[in-house]
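Listing of structure.cif; format and content: mmCIF, C-alpha atoms.
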data_structure
loop_
_atom_site.label_atom_id
_atom_site.label_comp_id
_atom_site.auth_asym_id
_atom_site.auth_seq_id
_atom_site.Cartn_x
_atom_site.Cartn_y
_atom_site.Cartn_z
CA MET A 1 61.26 -129.00 66.29
CA SER A 2 60.28 -129.36 69.93
CA SER A 3 62.84 -128.27 72.53
CA SER A 4 61.80 -131.33 74.56
CA LEU A 5 63.14 -133.70 71.88
CA THR A 6 65.60 -136.30 73.20
CA ILE A 7 67.73 -138.66 71.09
CA ARG A 8 69.70 -141.33 72.95
CA PRO A 9 70.47 -145.07 73.07
CA MET A 10 67.53 -147.11 74.27
CA GLY A 11 67.94 -148.99 77.54
CA ALA A 12 66.44 -152.16 78.95
CA ASP A 13 64.24 -150.01 81.22
CA ASP A 14 62.60 -148.25 78.27
CA ASP A 15 59.15 -149.31 77.11
CA LEU A 16 59.88 -151.98 74.50
CA ASP A 17 56.18 -152.33 73.68
CA ALA A 18 56.24 -148.71 72.52
CA GLU A 19 58.99 -149.56 70.01
CA ILE A 20 57.09 -152.63 68.79
CA ASP A 21 53.98 -150.48 68.37
CA LEU A 22 56.04 -147.90 66.48
CA ARG A 23 57.34 -150.61 64.15
CA HIS A 24 53.77 -151.87 63.59
CA ARG A 25 52.56 -148.38 62.68
CA ALA A 26 55.54 -147.67 60.40
CA PHE A 27 56.03 -151.01 58.61
CA GLY A 28 52.76 -152.92 58.93
CA PRO A 29 51.35 -155.76 61.04
CA MET A 30 53.38 -158.56 62.62
CA ASP A 31 52.27 -161.97 63.81
CA GLY A 32 53.20 -163.33 67.22
CA GLY A 33 56.42 -164.95 65.98
CA ASP A 34 57.58 -161.74 64.33
CA ARG A 35 56.86 -159.74 67.46
CA GLN A 36 58.96 -162.07 69.61
CA TYR A 37 61.77 -162.11 67.05
CA TRP A 38 61.94 -158.32 66.89
CA ARG A 39 61.71 -158.01 70.66
CA ASP A 40 64.72 -160.34 70.98
CA GLU A 41 66.51 -158.46 68.22
CA MET A 42 65.86 -155.14 69.94
CA LEU A 43 67.16 -156.47 73.27
CA ALA A 44 70.35 -157.60 71.52
CA ARG A 45 70.81 -154.16 69.95
CA ILE A 46 70.12 -152.46 73.29
CA ALA A 47 72.75 -154.62 74.99
CA GLU A 48 75.28 -153.40 72.40
CA GLY A 49 74.20 -149.76 72.67
CA ALA A 50 73.11 -149.92 69.04
CA GLN A 51 69.37 -149.17 69.37
CA TYR A 52 68.51 -145.45 69.33
CA GLY A 53 65.24 -143.76 70.11
CA VAL A 54 63.70 -140.31 69.78
CA TRP A 55 61.38 -139.08 72.53
CA ASP A 56 59.17 -136.00 72.55
CA ASP A 57 57.90 -135.13 76.03
CA GLY A 58 58.66 -138.70 77.07
CA VAL A 59 56.79 -140.33 74.17
CA LEU A 60 58.79 -142.54 71.78
CA ILE A 61 58.25 -141.11 68.28
CA GLY A 62 61.19 -142.54 66.32
CA SER A 63 63.91 -145.17 66.42
CA ALA A 64 66.76 -146.78 64.47
CA ARG A 65 69.40 -149.43 65.05
CA TYR A 66 72.69 -150.57 63.60
CA TYR A 67 74.59 -153.85 63.25
CA ARG A 68 78.31 -154.52 63.47
CA MET A 69 79.27 -156.15 60.20
CA TRP A 70 82.00 -156.57 57.61
CA GLN A 71 81.41 -155.89 53.94
CA TYR A 72 83.61 -157.54 51.32
CA TRP A 73 85.22 -155.52 48.54
CA HIS A 74 87.29 -157.49 46.05
CA GLY A 75 87.58 -160.22 48.66
CA ARG A 76 88.73 -158.08 51.58
CA PRO A 77 86.54 -157.29 54.62
CA VAL A 78 85.87 -153.67 55.54
CA PRO A 79 84.26 -152.81 58.94
CA MET A 80 80.71 -151.69 58.20
CA ALA A 81 77.63 -150.58 60.16
CA GLY A 82 74.35 -151.82 58.74
CA VAL A 83 71.59 -149.34 59.60
CA GLY A 84 68.03 -150.63 59.86
CA GLY A 85 64.62 -150.03 61.35
CA VAL A 86 64.64 -146.26 60.76
CA LYS A 87 61.10 -145.07 61.50
CA VAL A 88 59.10 -142.10 62.73
CA ALA A 89 55.57 -142.17 64.13
CA PRO A 90 53.01 -141.14 61.46
CA GLU A 91 51.78 -138.17 63.52
CA SER A 92 55.34 -136.85 63.94
CA ARG A 93 56.44 -136.98 60.31
CA GLY A 94 57.31 -133.80 58.44
CA ARG A 95 58.99 -132.21 61.50
CA GLY A 96 62.60 -133.17 60.70
CA ILE A 97 62.61 -136.00 63.25
CA GLY A 98 64.08 -138.54 60.83
CA ARG A 99 66.91 -136.26 59.78
CA ALA A 100 67.71 -135.37 63.39
CA LEU A 101 67.85 -139.07 64.28
CA MET A 102 70.06 -139.95 61.30
CA THR A 103 72.36 -137.00 61.97
CA GLU A 104 72.91 -138.26 65.51
CA LEU A 105 73.43 -141.82 64.28
CA LEU A 106 75.91 -140.69 61.61
CA GLY A 107 78.10 -139.15 64.29
CA VAL A 108 77.83 -142.25 66.47
CA LEU A 109 78.90 -144.52 63.60
CA ALA A 110 81.77 -142.25 62.56
CA ARG A 111 83.13 -142.35 66.12
CA GLY A 112 82.49 -146.08 66.44
CA GLY A 113 85.36 -147.37 64.30
CA PHE A 114 83.30 -148.18 61.21
CA ALA A 115 84.73 -147.34 57.79
CA LEU A 116 81.42 -147.76 55.93
CA SER A 117 77.68 -147.73 56.53
CA VAL A 118 74.97 -149.40 54.45
CA LEU A 119 71.20 -149.06 54.59
CA PHE A 120 68.13 -149.99 52.55
CA PRO A 121 66.19 -146.77 51.95
CA ALA A 122 62.44 -146.35 51.99
CA THR A 123 63.10 -142.82 50.74
CA LEU A 124 66.26 -141.20 49.36
CA ARG A 125 66.07 -137.54 50.33
CA ILE A 126 67.06 -137.75 54.02
CA TYR A 127 69.89 -140.22 53.48
CA ARG A 128 71.32 -138.37 50.48
CA SER A 129 71.32 -135.16 52.48
CA LEU A 130 73.69 -136.86 54.95
CA GLY A 131 76.03 -138.47 52.41
CA TRP A 132 74.58 -141.91 51.67
CA GLU A 133 74.24 -142.78 47.98
CA LEU A 134 72.88 -145.64 45.86
CA ALA A 135 75.67 -148.17 45.46
CA GLY A 136 74.46 -151.73 44.86
CA SER A 137 71.51 -154.10 44.80
CA ARG A 138 69.96 -157.27 46.11
CA PHE A 139 69.09 -159.58 43.25
CA ARG A 140 66.34 -162.20 43.20
CA VAL A 141 66.42 -165.38 41.13
CA LYS A 142 63.21 -167.24 40.26
CA LEU A 143 63.13 -170.75 38.81
CA PRO A 144 60.93 -173.83 38.84
CA VAL A 145 62.22 -176.43 41.26
CA ARG A 146 62.02 -179.09 38.53
CA SER A 147 64.93 -177.32 36.80
CA LEU A 148 67.21 -178.32 39.67
CA VAL A 149 66.52 -182.04 39.42
CA SER A 150 68.84 -182.54 36.45
CA LEU A 151 71.67 -180.02 36.34
CA ALA A 152 73.91 -179.50 33.35
CA PRO A 153 77.01 -181.73 33.46
CA ALA A 154 80.41 -180.25 34.17
CA ASP A 155 82.63 -179.57 31.17
CA PRO A 156 84.55 -182.82 30.56
CA GLU A 157 87.62 -180.83 29.60
CA VAL A 158 87.92 -179.39 33.12
CA PRO A 159 90.09 -181.67 35.29
CA GLU A 160 89.08 -182.48 38.84
CA THR A 161 90.98 -180.86 41.68
CA PRO A 162 93.65 -183.33 42.92
CA GLY A 163 92.69 -184.93 46.22
CA GLU A 164 89.03 -183.86 45.92
CA PRO A 165 87.01 -186.65 44.27
CA SER A 166 83.88 -185.42 42.51
CA GLY A 167 80.50 -185.87 44.18
CA GLN A 168 81.77 -186.47 47.72
CA VAL A 169 80.38 -183.33 49.39
CA ARG A 170 77.88 -184.13 52.15
CA PRO A 171 76.46 -180.94 53.70
CA ARG A 172 75.25 -181.23 57.30
CA ARG A 173 72.58 -179.36 59.21
CA ALA A 174 73.75 -176.14 60.87
CA GLY A 175 72.43 -174.54 64.03
CA PRO A 176 73.29 -171.71 66.45
CA GLY A 177 76.36 -173.57 67.70
CA ASP A 178 77.85 -173.46 64.21
CA ALA A 179 77.91 -169.65 63.95
CA ASP A 180 81.69 -169.34 64.09
CA GLU A 181 82.16 -172.02 61.46
CA VAL A 182 79.55 -170.46 59.16
CA ILE A 183 81.36 -167.12 59.42
CA ALA A 184 84.70 -168.75 58.61
CA VAL A 185 83.23 -170.51 55.56
CA LEU A 186 81.57 -167.35 54.22
CA ARG A 187 84.73 -165.32 54.75
CA ALA A 188 86.74 -167.89 52.80
CA VAL A 189 84.19 -168.06 49.96
CA TYR A 190 83.93 -164.28 49.59
CA ALA A 191 87.69 -163.82 49.74
CA ALA A 192 88.44 -166.54 47.19
CA ALA A 193 85.83 -165.20 44.76
CA ARG A 194 86.96 -161.56 45.26
CA GLU A 195 83.34 -160.64 45.89
CA CYS A 196 82.10 -157.06 46.19
CA GLY A 197 79.25 -156.19 48.53
CA PRO A 198 78.24 -159.28 50.52
CA THR A 199 78.37 -158.98 54.28
CA VAL A 200 79.19 -161.09 57.32
CA ARG A 201 77.61 -160.42 60.72
CA ASP A 202 79.18 -160.97 64.11
CA PRO A 203 78.87 -164.42 65.77
CA GLU A 204 75.93 -163.40 67.96
CA GLY A 205 74.03 -162.18 64.90
CA PHE A 206 74.59 -165.49 63.16
CA ARG A 207 73.53 -167.43 66.25
CA ARG A 208 70.19 -165.60 66.24
CA LEU A 209 69.81 -166.16 62.50
CA LEU A 210 70.58 -169.88 62.74
CA GLY A 211 68.21 -170.20 65.69
CA GLN A 212 65.12 -169.14 63.72
CA PRO A 213 62.70 -172.10 63.71
CA ASP A 214 61.51 -171.44 60.15
CA LEU A 215 65.03 -171.36 58.68
CA PHE A 216 66.80 -174.50 57.44
CA ALA A 217 70.58 -174.20 57.26
CA TYR A 218 73.25 -176.55 55.90
CA LEU A 219 77.01 -176.30 56.09
CA ALA A 220 79.79 -177.81 53.99
CA PRO A 221 83.56 -177.27 54.31
CA ASP A 222 83.38 -174.62 51.59
CA GLY A 223 79.73 -173.68 51.39
CA PHE A 224 76.59 -172.58 53.26
CA LEU A 225 72.87 -172.76 52.51
CA ALA A 226 69.96 -171.11 54.36
CA TYR A 227 66.35 -171.28 53.16
CA GLY A 228 62.74 -171.52 54.28
CA TRP A 229 59.20 -171.99 53.04
CA HIS A 230 57.75 -169.02 51.20
CA GLY A 231 54.30 -167.93 50.11
CA ASP A 232 50.84 -168.47 51.55
CA GLY A 233 50.46 -171.91 49.99
CA HIS A 234 53.80 -173.16 51.31
CA ASP A 235 54.61 -174.47 47.84
CA GLU A 236 57.49 -172.05 47.31
CA ILE A 237 60.98 -171.84 48.79
CA MET A 238 63.04 -168.73 49.50
CA ILE A 239 66.81 -169.18 49.62
CA ARG A 240 68.27 -166.47 51.82
CA ALA A 241 71.90 -167.46 51.24
CA LEU A 242 73.73 -169.99 49.10
CA ALA A 243 77.47 -169.60 48.82
CA ALA A 244 79.89 -172.22 47.54
CA ALA A 245 83.56 -172.18 46.57
CA SER A 246 83.56 -175.38 44.46
CA ALA A 247 81.39 -176.98 41.79
CA ASP A 248 80.74 -180.08 43.90
CA THR A 249 79.57 -178.03 46.87
CA ALA A 250 77.34 -175.83 44.69
CA ARG A 251 75.70 -178.93 43.22
CA ALA A 252 75.30 -180.55 46.65
CA LEU A 253 73.62 -177.47 48.15
CA TRP A 254 71.31 -176.95 45.17
CA GLY A 255 70.56 -180.66 45.37
CA ILE A 256 69.13 -180.18 48.87
CA VAL A 257 66.76 -177.57 47.47
CA ALA A 258 65.90 -179.85 44.53
CA SER A 259 64.88 -182.60 46.96
CA HIS A 260 61.68 -180.60 47.64
CA THR A 261 60.39 -181.13 44.10
CA SER A 262 57.41 -183.21 45.27
CA ALA A 263 56.06 -180.37 47.43
CA THR A 264 57.42 -177.22 45.79
CA ARG A 265 56.77 -175.47 42.49
CA VAL A 266 58.95 -172.37 42.59
CA VAL A 267 62.27 -171.47 44.14
CA TYR A 268 63.31 -167.90 44.83
CA ALA A 269 66.86 -167.07 45.81
CA ILE A 270 68.57 -163.89 46.92
CA SER A 271 71.79 -164.01 44.94
CA GLY A 272 74.50 -162.12 43.15
CA PRO A 273 74.05 -161.17 39.48
CA ALA A 274 76.63 -163.80 38.42
CA ASP A 275 75.52 -166.64 40.69
CA PRO A 276 76.64 -169.96 39.13
CA VAL A 277 73.10 -171.36 39.22
CA GLY A 278 72.55 -169.73 35.81
CA TRP A 279 75.33 -171.92 34.43
CA LEU A 280 74.18 -175.05 36.27
CA LEU A 281 70.68 -175.30 34.80
CA SER A 282 70.07 -177.41 31.71
CA GLU A 283 67.41 -175.08 30.31
CA ARG A 284 66.62 -171.36 30.18
CA ASP A 285 64.27 -171.52 33.17
CA ILE A 286 65.82 -168.81 35.31
CA SER A 287 64.83 -165.17 35.69
CA LEU A 288 66.97 -162.58 37.47
CA SER A 289 65.63 -159.28 38.75
CA ARG A 290 66.82 -156.48 40.99
CA ASP A 291 64.97 -156.90 44.26
CA GLU A 292 65.96 -153.57 45.81
CA GLN A 293 68.84 -151.12 45.99
CA TRP A 294 71.01 -150.22 48.96
CA MET A 295 72.92 -147.07 49.83
CA LEU A 296 76.52 -146.68 50.99
CA ARG A 297 78.17 -144.02 53.16
CA VAL A 298 81.95 -143.77 53.59
CA LEU A 299 82.54 -142.84 57.23
CA ASP A 300 86.35 -142.91 57.20
CA PRO A 301 87.82 -142.64 53.67
CA VAL A 302 91.39 -143.44 54.75
CA VAL A 303 90.42 -146.67 56.51
CA ALA A 304 87.84 -147.57 53.85
CA VAL A 305 90.39 -147.41 51.03
CA GLY A 306 93.12 -149.10 53.06
CA ALA A 307 90.89 -152.04 53.97
CA ARG A 308 89.32 -152.47 50.52
CA GLY A 309 90.60 -154.90 47.93
CA PHE A 310 91.33 -153.77 44.36
CA PRO A 311 91.92 -155.58 41.06
CA ALA A 312 95.36 -157.18 41.23
CA THR A 313 96.63 -155.60 38.01
CA ALA A 314 95.21 -152.10 38.59
CA GLN A 315 97.60 -149.27 39.42
CA ALA A 316 96.92 -145.66 40.23
CA ALA A 317 98.28 -142.47 41.69
CA VAL A 318 95.49 -139.91 41.56
CA PRO A 319 95.09 -136.58 43.39
CA MET A 320 91.67 -136.19 45.00
CA ARG A 321 89.78 -133.49 46.86
CA LEU A 322 87.06 -134.63 49.26
CA ALA A 323 84.33 -132.52 50.84
CA ASP A 324 82.13 -133.73 53.70
CA PRO A 325 79.99 -131.09 55.48
CA ASP A 326 78.60 -133.52 58.06
CA LEU A 327 81.95 -135.19 58.82
CA PRO A 328 84.37 -132.32 58.17
CA GLY A 329 87.36 -134.32 59.39
CA ASN A 330 87.15 -136.30 56.15
CA ALA A 331 87.55 -133.24 53.95
CA GLY A 332 90.79 -132.24 52.29
CA LEU A 333 93.34 -133.06 49.60
CA TYR A 334 94.41 -136.69 49.27
CA THR A 335 96.55 -138.96 47.16
CA LEU A 336 94.96 -142.24 46.07
CA GLU A 337 97.54 -144.94 45.37
CA VAL A 338 96.69 -148.47 44.25
CA ALA A 339 99.05 -151.35 43.43
CA ASP A 340 99.15 -155.14 43.85
CA GLY A 341 95.52 -155.35 44.91
CA ARG A 342 95.78 -152.85 47.76
CA GLY A 343 95.12 -149.16 48.09
CA ALA A 344 96.00 -146.20 50.28
CA LEU A 345 94.46 -142.75 50.64
CA SER A 346 96.95 -140.32 52.14
CA PRO A 347 96.55 -136.62 53.02
CA SER A 348 98.30 -134.44 50.48
CA SER A 349 99.17 -130.77 50.20
CA GLY A 350 99.89 -130.65 46.47
CA PRO A 351 97.79 -130.83 43.32
CA THR A 352 99.86 -133.50 41.55
CA VAL A 353 101.08 -136.93 42.51
CA PRO A 354 104.24 -138.65 41.20
CA GLY A 355 104.21 -142.37 40.46
CA ALA A 356 102.36 -144.96 38.42
CA HIS A 357 99.65 -143.55 36.15
CA SER A 358 100.17 -140.06 37.57
CA HIS A 359 99.24 -136.99 35.54
CA SER A 360 99.13 -133.22 35.78
CA GLU A 361 95.35 -132.88 35.92
CA GLU A 362 93.77 -131.01 38.82
CA PRO A 363 92.48 -133.17 41.69
CA VAL A 364 89.24 -135.05 41.14
CA GLY A 365 86.63 -133.67 43.52
CA PHE A 366 83.91 -135.60 45.35
CA GLY A 367 81.39 -134.93 48.06
CA PRO A 368 80.41 -137.82 50.35
CA ARG A 369 77.76 -139.10 47.93
CA GLY A 370 80.08 -139.10 44.94
CA PHE A 371 82.90 -140.77 46.84
CA ALA A 372 80.54 -143.48 48.15
CA ALA A 373 79.32 -144.21 44.62
CA LEU A 374 82.89 -144.25 43.26
CA TYR A 375 83.92 -146.65 46.05
CA ALA A 376 81.12 -148.97 44.92
CA GLY A 377 82.27 -148.98 41.31
CA VAL A 378 79.88 -146.47 39.71
CA PRO A 379 81.63 -145.26 36.51
CA MET A 380 83.05 -141.77 36.44
CA ALA A 381 80.92 -140.87 33.40
CA THR A 382 77.82 -141.62 35.45
CA LEU A 383 79.09 -139.62 38.43
CA ARG A 384 79.88 -136.62 36.24
CA ALA A 385 76.49 -136.75 34.51
CA ALA A 386 74.80 -136.90 37.94
CA GLY A 387 76.81 -133.94 39.25
CA LEU A 388 78.70 -136.11 41.76
CA ALA A 389 82.27 -135.56 40.48
CA ALA A 390 84.28 -132.56 39.30
CA GLY A 391 87.85 -131.72 38.29
CA GLY A 392 90.32 -134.21 36.94
CA GLY A 393 89.88 -135.32 33.37
CA PRO A 394 89.88 -138.28 30.96
CA ALA A 395 93.14 -139.76 32.28
CA SER A 396 92.08 -139.80 35.94
CA ASP A 397 88.59 -141.02 34.99
CA ALA A 398 90.03 -144.03 33.18
CA VAL A 399 92.28 -144.88 36.12
CA LEU A 400 89.51 -144.53 38.72
CA ASP A 401 87.14 -146.67 36.64
CA ALA A 402 89.79 -149.41 36.47
CA VAL A 403 90.73 -149.49 40.15
CA PHE A 404 87.20 -149.22 41.61
CA ALA A 405 85.50 -151.52 39.07
CA ALA A 406 82.81 -153.57 40.83
CA GLN A 407 79.28 -154.92 40.51
CA PRO A 408 78.34 -155.01 44.19
CA TYR A 409 75.46 -157.02 45.60
CA MET A 410 74.19 -158.08 49.02
CA LEU A 411 72.41 -161.16 50.33
CA ASP A 412 71.65 -159.82 53.81
CA ARG A 413 68.78 -157.51 54.73
CA PHE A 414 68.52 -155.45 57.93
#
Please express the file's structure as C-alpha cells.
Amino acid sequence: MSSSLTIRPMGADDDLDAEIDLRHRAFGPMDGGDRQYWRDEMLARIAEGAQYGVWDDGVLIGSARYYRMWQYWHGRPVPMAGVGGVKVAPESRGRGIGRALMTELLGVLARGGFALSVLFPATLRIYRSLGWELAGSRFRVKLPVRSLVSLAPADPEVPETPGEPSGQVRPRRAGPGDADEVIAVLRAVYAAARECGPTVRDPEGFRRLLGQPDLFAYLAPDGFLAYGWHGDGHDEIMIRALAAASADTARALWGIVASHTSATRVVYAISGPADPVGWLLSERDISLSRDEQWMLRVLDPVVAVGARGFPATAQAAVPMRLADPDLPGNAGLYTLEVADGRGALSPSSGPTVPGAHSHSEEPVGFGPRGFAALYAGVPMATLRAAGLAAGGGPASDAVLDAVFAAQPYMLDRF
C-alpha cells in the first residue's frame, strides 16, 4: 500500500465531483436527479463529519459514509451507525484500500457512541474480517393492485377498541415539516409491536427523505406510508415503508395504494416477513421474497445488550467470553443477565454465574461475528455449525436461544 495514502473525513473544500465520479464508476450510471440527490446527501454527511475519503497522491480513490440511526430490538431503540457508499476506484482495487478504509471507519464508529453498526454488503470477505456478520434481511412483497381493492373483512368476534370507531382513519399528506411527527409515529409503532431490526433516522435524514419529489408520503396518528412509481412503464408502485399500529390504519394506508388500480398493475413493498398485508388480502395473490441481507457489528457489547429489548418472560444468567481483535476493549469475561424484558452484560472474573437459569458450564465463547449473529437471533446450533461459538453446552444454548430469539428485518436502505 502506498505510503502517500491518506484517510480522513471529507470537507466542503474537497472535490465533490470526484466523489460523484467515483460513485458512477463503482455503482453504475446516475441521471441528473440522482446526481443532485447524492450531492446533497454527501454535503449533509460532510457537515456531520460522517463522509470519509481515501486519497492516494491527492487523488480520491475510495470513500464511505455513515448515518446516525436507531435500530429497534424487541421494541427498544439501540444507537446504530448505518454504513453506506463503501467504494474503491476500479484501478485501485486489490491493494487493501477497502479494508484500510473500513478499519479506520470501525474505529471512528466505536469512539462515536454507537452500540451497533449495520451495512448492506456487496462482498462479505472484508466486512467479516472486521467483525460484521450476516444478521437479517430486507423482504419484498409483490401483489397485483387489484387484490387491495377488496380486503378480507375483520373477524367479527374481535371487538372494536373503545373510543376508536372503525373506519374513521383519514391519513394526510406528509412533507419535510412532518419529520419529527413521522419519527414519533414510527417509534411508537415499532415499540408497541416489539419489532426487531427496523430503523429510524434522525430528523434531518427524514426531512431529506420526505422532500424527494418522486416520493408520496402519508401520515396517520399511528401509521406512516411512503411510496413512489416504479418500473420503466410507470405502471408499478414501490412501497418503501408502510407501518401501522391498528387494523383501521393499516386498511386506510393500503387503501391509498389501492386507489391507483386504474393506472397500476403491480405493487411491490419492502416489508417485514410477518407484515399484516398477508392476512388482509382475500386471495392468495401475494409473494414474499428476501430482497437482500444485511450485516451487523456490535461496537459496544455492554451498551448494546443494555439498550436492547428481550422477550418479557425470558430469564438468563450466562457466563460469556468475548474476543474482539479489532476492538480489544470489548474482549473479556462477562455475565449476561436477562429478566423482565431487559438485559445487562457485566464484566466478570469467574467462570460461573449465580442466579436464574445459571449452570456450571464453562463460559460460552464468541468472536465479534458470532456475538453479532447471536444478538440478531441466529440459533446457537447454527453458530456452532458455522464455527462462530464455542464452550458452554446444551443448557446455555437453550437459554441464549430463548433470550435472543428474533427474526430481524429492515425497511431502510443506505
Open item on the list: Nearest residue to A:Val182 out of A:Arg194, A:Arg201, A:Arg170, A:Arg125, using only C-alpha atoms?
Closed with: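 The closest residue to A:Val182 is A:Arg201.
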- [ ] Rank nothing, just name the residue among A:Ile270, A:Met295, A:Leu327, A:Val305 nearest to A:Arg138, using only C-alpha atoms.
- [x]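 Of the candidates, the smallest distance to A:Arg138 is held by A:Ile270.
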Task: Residue IDs satisfying the PyMOL selection byres ((chain A and resi 172-179) around 10), as number ranges by chain - done: A: 169-171, 180-185, 201-212, 215-221, 224-226
Open item on the list: Using all atoms listed in the file, list the residues that have an atom at most 12 Å from (80.0, -135.4, 37.8), coordinates as in the file, as an MDAnalysis selection string.
Closed with: chainID A and resid 364:367 369:371 373:374 378:393 397
- [ ] Any chance you could resolve the PyMOL selection byres ((chain A and resi 277) around 9) against this file and give the residues as a PyMOL selection string?
- [x] chain A and resi 250-251+254+274-276+278-281+286
Would you write out, as an mmCIF file with C-alpha atoms, in the coordinates of the input, every residue that the PyMOL selection byres ((chain A and resi 330) around 12) captures in this file?
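Saved to part-v8.cif:
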data_model
loop_
_atom_site.group_PDB
_atom_site.id
_atom_site.type_symbol
_atom_site.label_atom_id
_atom_site.label_comp_id
_atom_site.auth_asym_id
_atom_site.auth_seq_id
_atom_site.Cartn_x
_atom_site.Cartn_y
_atom_site.Cartn_z
ATOM 1 C CA ALA A 110 81.770 -142.250 62.560
ATOM 2 C CA ALA A 115 84.730 -147.340 57.790
ATOM 3 C CA GLY A 131 76.030 -138.470 52.410
ATOM 4 C CA VAL A 298 81.950 -143.770 53.590
ATOM 5 C CA LEU A 299 82.540 -142.840 57.230
ATOM 6 C CA ASP A 300 86.350 -142.910 57.200
ATOM 7 C CA PRO A 301 87.820 -142.640 53.670
ATOM 8 C CA VAL A 302 91.390 -143.440 54.750
ATOM 9 C CA VAL A 303 90.420 -146.670 56.510
ATOM 10 C CA ALA A 304 87.840 -147.570 53.850
ATOM 11 C CA ARG A 321 89.780 -133.490 46.860
ATOM 12 C CA LEU A 322 87.060 -134.630 49.260
ATOM 13 C CA ALA A 323 84.330 -132.520 50.840
ATOM 14 C CA ASP A 324 82.130 -133.730 53.700
ATOM 15 C CA PRO A 325 79.990 -131.090 55.480
ATOM 16 C CA ASP A 326 78.600 -133.520 58.060
ATOM 17 C CA LEU A 327 81.950 -135.190 58.820
ATOM 18 C CA PRO A 328 84.370 -132.320 58.170
ATOM 19 C CA GLY A 329 87.360 -134.320 59.390
ATOM 20 C CA ALA A 331 87.550 -133.240 53.950
ATOM 21 C CA GLY A 332 90.790 -132.240 52.290
ATOM 22 C CA LEU A 333 93.340 -133.060 49.600
ATOM 23 C CA TYR A 334 94.410 -136.690 49.270
ATOM 24 C CA LEU A 345 94.460 -142.750 50.640
ATOM 25 C CA SER A 346 96.950 -140.320 52.140
ATOM 26 C CA PRO A 347 96.550 -136.620 53.020
ATOM 27 C CA PHE A 366 83.910 -135.600 45.350
ATOM 28 C CA GLY A 367 81.390 -134.930 48.060
ATOM 29 C CA PRO A 368 80.410 -137.820 50.350
ATOM 30 C CA PHE A 371 82.900 -140.770 46.840
#
Which residues come within 12 Å of A:Tyr127, counting all atoms listed in the file, excluding same-chain residues fewer than 5 positions away, as a CSV table (one decimal) with C-alpha atoms, in the coordinates of the input?
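What ended up in around.csv:
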chain,number,residue,atom,x,y,z
A,83,VAL,CA,71.6,-149.3,59.6
A,86,VAL,CA,64.6,-146.3,60.8
A,98,GLY,CA,64.1,-138.5,60.8
A,99,ARG,CA,66.9,-136.3,59.8
A,100,ALA,CA,67.7,-135.4,63.4
A,101,LEU,CA,67.8,-139.1,64.3
A,102,MET,CA,70.1,-140.0,61.3
A,103,THR,CA,72.4,-137.0,62.0
A,105,LEU,CA,73.4,-141.8,64.3
A,106,LEU,CA,75.9,-140.7,61.6
A,117,SER,CA,77.7,-147.7,56.5
A,118,VAL,CA,75.0,-149.4,54.4
A,119,LEU,CA,71.2,-149.1,54.6
A,120,PHE,CA,68.1,-150.0,52.6
A,121,PRO,CA,66.2,-146.8,52.0
A,122,ALA,CA,62.4,-146.4,52.0
A,132,TRP,CA,74.6,-141.9,51.7
A,133,GLU,CA,74.2,-142.8,48.0
A,134,LEU,CA,72.9,-145.6,45.9
A,294,TRP,CA,71.0,-150.2,49.0
A,295,MET,CA,72.9,-147.1,49.8
A,296,LEU,CA,76.5,-146.7,51.0
A,297,ARG,CA,78.2,-144.0,53.2
A,326,ASP,CA,78.6,-133.5,58.1
A,368,PRO,CA,80.4,-137.8,50.4
A,369,ARG,CA,77.8,-139.1,47.9
TODO: Quote the spacing between atom CA of A:Gln315 and atom CA of A:Val399 in Å to one decimal place.
DONE: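 Pair atom CA of A:Gln315 / atom CA of A:Val399 returns 7.6 Å.
With all atoms listed in the file as the atoms that count, the minimum distance from A:Ala395 to the choices A:Ala317, A:Asp15, A:Phe114, A:Tyr227 is reached by A:Ala317.
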Can you sort out the box for stretch 272-288 of chain A, edges along x, y and z, all listed atoms in, 4 Å on every side, with centre and edge lengths in Å to one decimal, as lines of an AutoDock Vina configuration file?
center_x = 70.5
center_y = -169.3
center_z = 36.7
size_x = 20.4
size_y = 24.2
size_z = 21.0
- [ ] Just the residues within 9 Å of A:Leu143, please, counting all atoms listed in the file, with nothing from its chain fewer than 6 positions along; format it as a list in words.
- [x]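 Near neighbours after the sequence-gap exclusion: Arg265, Val266, Val267, Tyr268, Ala269, Asp285, Ile286 and Ser287 of chain A.
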Task: Near-A:Asp14 list (10 Å; only C-alpha atoms; drop same-chain fewer than 5 positions) as a PyMOL selection string - done: chain A and resi 9+19+46+53+60
Atoms kept (C-alpha atoms) for selection, written as a compact mmCIF listing (two decimals), keeping the file's coordinate frame:
# COMPACT_ATOMS: atom_id res chain seq x y z
CA PRO A 9 70.47 -145.07 73.07
CA GLU A 19 58.99 -149.56 70.01
CA ILE A 46 70.12 -152.46 73.29
CA GLY A 53 65.24 -143.76 70.11
CA LEU A 60 58.79 -142.54 71.78
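Each of A:Ile237, A:Leu5, A:Leu253, A:Ala307 was compared to A:Gly341 using only C-alpha atoms, and A:Ala307 turns out to be the nearest.
Once all atoms listed in the file are considered, the residues situated within 10 Å of the file point (58.6, -136.8, 79.8) turn out to be Ser4, Leu5, Thr6, Trp55, Asp56, Asp57, Gly58, Val59 and Leu60 of chain A.
From atom CA of A:Ala193 back to atom CA of A:Leu400, the distance works out to 21.8 Å.
Our summary of the geometry notes that atom CA of A:Ile97 is positioned 21.5 Å from atom CA of A:Tyr67.
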